[in-house]
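Everything below concerns the one structure shown next.
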Amino acid sequence: MDILYAAETVSFDEFLDAYDSSQANSEVKGRSILMGALTNVDPRARSAIATRLLDDGADATTTHGGVNALHALLGNARLAPELEAPLLRRLLDDGADVNAVAKRYGTPLQLLMSQFAYTDEALAPFYDVLFARDDLDLLMIGAFGKSAYAMAVKSKRRQGLRARMEQYVTLHGIEIPEAL
């Protein structure tokens, strides 16, 4: 079985049957196994496989097509924020760029904001991880030529997120341009 395909599609136990720790940083057609694991549709498998790969030395700074590991994780249709927040923290601690801008999705926070199937309350474990970072740039221009902050200010759906942003801005002494 192709190890990238396994990372993308099978359970953790099935993945382990096909996997050898020397493959932690392997790529198939320019795509790392970690990026594949982060797109597995099953949140439990996704989290377990990605964590195992990171434990075995997989590079959390991996990208593919302008998308980084955080975009891959947070862009899934089925999220389990309580389960996956530790994985998000691990990716960040291991070097994934919290402010990376993907052409189609913007920053990882902007991509998470676009997960309209989830309320701010449901996404709170992810927000907790992101807002614990001192290097989170809410004014980074990303999707639609706007920052995450500008998008939250205009959104009626993300009032909980906007409140978190206001706290972050105040806590970190960030000046918001009047144009927003």
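Residue names in the structure tokens use chain letters A, B, ... in the order shown, residue numbers from 1 in each chain, and ligand numbers from 1 in the order shown.
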Write out as a ChimeraX atom specification all residues of chain A that backbone DSSP assigns to strand (DSSP E or B). /A:27-28,31-32,63-64,67-68,102,106,141,147
Stretch 79-96 of chain A environment, 6 Å, only C-alpha atoms, sequence neighbours closer than 5 positions dropped, as a list in words: Ala60, Thr61, Leu123, Pro125 and Phe126 of chain A
DSSP helix (DSSP H, G or I) residues within chain A, as a VMD selection string: chain A and resid 3 to 9 12 to 18 21 to 23 33 to 37 43 to 55 69 to 74 81 to 93 108 to 113 120 to 131 143 to 145 148 to 154 159 to 172
Using only C-alpha atoms, determine which residues lie at most 8 Å from stretch 20-28 of chain A, disregarding the query and same-chain residues fewer than 5 positions distant; provide the list as a PyMOL selection string. chain A and resi 4+33-34+53-54+56-59
Which residue is closest to A:Arg78? Choose from A:Ala100, A:Ala45, A:Leu109, A:Leu130 and count only C-alpha atoms. A:Ala45
Show me, as a list of chain:residue names, the residues that have an atom within 10 Å of A:Met35 when counting only C-alpha atoms, minus same-chain residues fewer than 4 positions from it. A:Leu4, A:Ala7, A:Glu8, A:Glu27, A:Arg31, A:Thr39, A:Asn40, A:Ala50, A:Ala58, A:Asp59, A:Ala60, A:Thr62, A:Thr63, A:His64, A:Val67, A:Asn68, A:Ala69, A:Leu70, A:His71, A:Ala72, A:Leu73
Can you list every residue of stretch 46-156 of chain A that has an atom at most 10 Å from stretch 170-179 of chain A, with its nearest atom pair and the distance in Å to one decimal, using only C-alpha atoms, ordered by chain then number, as a tab-separated table?
residue	atom	partner	partner_atom	distance
A:Asp134	CA	A:His172	CA	7.9
A:Asp135	CA	A:His172	CA	9.9
A:Asp137	CA	A:Ile174	CA	9.6
A:Leu138	CA	A:Ile174	CA	9.3
A:Leu139	CA	A:Ile176	CA	8.1
A:Tyr149	CA	A:Ile176	CA	9.0
A:Ala150	CA	A:Ala179	CA	9.4
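Of note, atom CA of A:Glu166 and atom CA of A:Arg133 are spaced 14.8 Å apart.
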Long-range neighbours of A:Thr119 as an MDAnalysis selection string, 10 Å cut-off, only C-alpha atoms, 2 positions minimum in chain: chainID A and resid 113 115:117 121:124 157:161
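Pairwise distance (atom CA of A:Ala18, atom CA of A:Thr51) equals 16.2 Å.
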